[in-house]
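Novice: Contents are TSV, C-alpha atoms; file name query.tsv:
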chain	number	residue	atom	x	y	z
A	1	MET	CA	-10.89	3.32	0.04
A	2	TYR	CA	-10.33	6.83	1.34
A	3	ASN	CA	-7.36	8.92	2.47
A	4	SER	CA	-6.14	8.16	6.00
A	5	GLN	CA	-7.97	4.80	6.02
A	6	ARG	CA	-6.13	1.97	7.73
A	7	VAL	CA	-5.72	-1.02	5.39
A	8	ARG	CA	-4.01	-4.40	5.18
A	9	VAL	CA	-2.20	-5.66	2.07
A	10	ILE	CA	-3.81	-8.99	1.12
A	11	THR	CA	-2.06	-9.67	-2.20
A	12	THR	CA	0.11	-8.05	-4.86
A	13	ASN	CA	1.34	-8.88	-8.33
A	14	LYS	CA	4.52	-6.86	-7.80
A	15	SER	CA	7.43	-9.22	-7.17
A	16	THR	CA	9.50	-6.48	-5.50
A	17	TYR	CA	6.75	-5.87	-2.94
A	18	SER	CA	6.44	-9.61	-2.29
A	19	GLN	CA	10.21	-9.89	-1.77
A	20	ASP	CA	10.03	-6.97	0.68
A	21	GLY	CA	7.47	-8.89	2.76
A	22	ILE	CA	4.64	-6.39	2.22
A	23	ILE	CA	1.79	-8.94	2.07
A	24	GLY	CA	-0.08	-9.09	5.35
A	25	LEU	CA	1.24	-5.75	6.62
A	26	TYR	CA	-0.86	-2.75	7.61
A	27	GLY	CA	-0.64	0.87	6.60
A	28	ILE	CA	-2.47	4.12	5.94
A	29	VAL	CA	-3.86	5.29	2.58
A	30	VAL	CA	-1.96	8.45	1.63
A	31	ARG	CA	-3.05	8.98	-1.98
A	32	ILE	CA	-5.67	7.78	-4.44
A	33	THR	CA	-5.22	8.26	-8.18
A	34	GLY	CA	-7.78	6.68	-10.48
A	35	THR	CA	-7.77	2.96	-9.69
A	36	PHE	CA	-4.51	3.09	-7.73
A	37	VAL	CA	-4.09	3.55	-3.99
A	38	ALA	CA	-0.84	4.61	-2.31
A	39	VAL	CA	-0.27	3.16	1.15
A	40	ARG	CA	2.39	4.14	3.69
A	41	ILE	CA	3.18	0.73	5.22
A	42	ASP	CA	3.90	0.61	8.96
A	43	GLY	CA	7.66	0.35	9.51
A	44	LYS	CA	8.53	0.43	5.77
A	45	TYR	CA	9.59	3.17	3.38
A	46	ASN	CA	9.45	2.90	-0.41
A	47	GLU	CA	12.62	4.61	-1.64
A	48	ALA	CA	11.16	4.74	-5.17
A	49	SER	CA	8.32	7.00	-3.98
A	50	ALA	CA	8.63	10.70	-3.16
A	51	PHE	CA	6.51	10.16	-0.04
A	52	GLY	CA	7.44	6.57	0.85
A	53	GLY	CA	4.17	4.99	-0.28
A	54	TYR	CA	3.55	1.67	-2.02
A	55	TRP	CA	1.02	1.58	-4.88
A	56	PHE	CA	-1.78	-1.00	-5.11
A	57	THR	CA	-5.15	-1.50	-6.75
A	58	SER	CA	-8.05	-1.49	-4.31
A	59	ASN	CA	-8.63	-5.24	-4.71
A	60	GLU	CA	-5.12	-5.86	-3.29
A	61	LEU	CA	-6.13	-4.17	-0.02
A	62	GLU	CA	-8.54	-4.87	2.81
A	63	GLY	CA	-10.08	-1.90	4.60
A	64	MET	CA	-10.14	-1.81	8.37
Would you mind writing the file's structure down as C-alpha coordinates?

Specialist:
Amino acid sequence: MYNSQRVRVITTNKSTYSQDGIIGLYGIVVRITGTFVAVRIDGKYNEASAFGGYWFTSNELEGM
(Lines of atoms letter the chains of each structure in order from A and count residues from 1; the text may use other names and numbers.)
(Lines give C-alpha, C1' and ligand atoms only; values in the text may rest on other atoms or scores of the structure.)
Protein backbone atom coordinates (compact mmCIF):
# COMPACT_ATOMS: atom_id res chain seq x y z
CA MET A 1 0.00 0.00 0.00
CA TYR A 2 1.12 3.56 -0.63
CA ASN A 3 -0.32 7.04 -0.09
CA SER A 4 -2.89 8.12 -2.69
CA GLN A 5 -3.42 4.50 -3.80
CA ARG A 6 -7.00 3.59 -4.65
CA VAL A 7 -8.18 0.58 -2.62
CA ARG A 8 -11.30 -1.45 -1.88
CA VAL A 9 -12.28 -2.62 1.61
CA ILE A 10 -12.63 -6.42 1.45
CA THR A 11 -13.16 -7.20 5.15
CA THR A 12 -12.94 -5.70 8.63
CA ASN A 13 -13.12 -6.90 12.19
CA LYS A 14 -14.53 -3.56 13.36
CA SER A 15 -18.27 -3.93 13.99
CA THR A 16 -18.85 -0.16 13.68
CA TYR A 17 -17.34 -0.16 10.19
CA SER A 18 -19.45 -3.16 9.20
CA GLN A 19 -22.60 -1.44 10.48
CA ASP A 20 -21.68 1.65 8.45
CA GLY A 21 -21.57 -0.48 5.28
CA ILE A 22 -17.86 0.07 4.61
CA ILE A 23 -17.12 -3.43 3.24
CA GLY A 24 -16.94 -3.39 -0.54
CA LEU A 25 -16.49 0.38 -0.80
CA TYR A 26 -13.56 2.17 -2.44
CA GLY A 27 -11.32 4.92 -1.18
CA ILE A 28 -7.89 6.52 -1.22
CA VAL A 29 -5.03 5.76 1.18
CA VAL A 30 -4.33 8.95 3.13
CA ARG A 31 -1.95 7.72 5.85
CA ILE A 32 0.19 4.71 6.71
CA THR A 33 1.42 4.13 10.25
CA GLY A 34 3.24 0.89 10.97
CA THR A 35 0.86 -1.91 10.00
CA PHE A 36 -2.19 0.36 9.81
CA VAL A 37 -3.54 2.13 6.75
CA ALA A 38 -5.96 5.07 6.86
CA VAL A 39 -8.42 5.25 3.96
CA ARG A 40 -10.73 8.11 3.04
CA ILE A 41 -13.79 6.18 1.81
CA ASP A 42 -15.69 7.61 -1.17
CA GLY A 43 -18.84 9.35 0.09
CA LYS A 44 -18.14 8.64 3.79
CA TYR A 45 -16.55 10.63 6.59
CA ASN A 46 -15.28 9.13 9.85
CA GLU A 47 -16.25 11.65 12.54
CA ALA A 48 -13.86 9.94 14.98
CA SER A 49 -10.87 10.84 12.77
CA ALA A 50 -9.30 14.28 12.47
CA PHE A 51 -9.10 13.83 8.68
CA GLY A 52 -12.14 11.60 8.08
CA GLY A 53 -10.20 8.40 7.43
CA TYR A 54 -11.01 4.82 8.44
CA TRP A 55 -8.17 2.64 9.77
CA PHE A 56 -7.45 -0.87 8.48
CA THR A 57 -4.65 -3.40 8.31
CA SER A 58 -3.32 -3.99 4.81
CA ASN A 59 -4.87 -7.47 4.62
CA GLU A 60 -8.34 -5.87 4.96
CA LEU A 61 -7.77 -3.92 1.73
CA GLU A 62 -7.35 -4.74 -1.94
CA GLY A 63 -5.14 -2.45 -4.02
CA MET A 64 -6.36 -1.21 -7.37

Novice: Just give me the gap between CA of Gly43 (chain A) and CA of Val29 (chain A) in Å, one decimal is fine.

Specialist: 14.3 Å

Novice: Leaving out region 45-54 of chain A and any residue of its chain fewer than 4 positions from it, which residues lie within 12 Å of it when counting all atoms listed in the file, given as a ChimeraX atom specification?

Specialist: /A:9,12,14,16-18,20,22-23,25-32,36-41,60-61

Novice: If you measure from CA of Gln5 (chain A) to CA of Gly63 (chain A), what distance in Å do you get, rounded to one decimal?

Specialist: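 Computing it gives 7.2 Å between the two atoms.
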
Novice: Please, what distance in Å, to one decimal, runs between CA of Ile10 (chain A) and CA of Gly24 (chain A)?

Specialist: 5.6 Å

Novice: Using only C-alpha atoms, pick whichever of A:Gln19, A:Thr11, A:Asn3, A:Thr35 has the shortest atom-to-atom distance to Glu62 (chain A).

Specialist: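 Of all the options, A:Thr11 lies closest to Glu62 (chain A).
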
Novice: Any chance you could work out the axis-aligned box around region 4-12 of chain A, listed atoms only, 5 Å on each side, giving centre and edge lengths in Å to one decimal, as lines of an AutoDock Vina configuration file?

Specialist:
center_x = -3.9
center_y = -0.8
center_z = 1.4
size_x = 18.1
size_y = 27.8
size_z = 22.6

Novice: Measuring between all atoms listed in the file, which one of A:Ser4, A:Gly21, A:Ser15, A:Phe56 shows the shortest distance to Lys44 (chain A)?

Specialist: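 Counting all atoms listed in the file, the residue closest to Lys44 (chain A) is A:Gly21.
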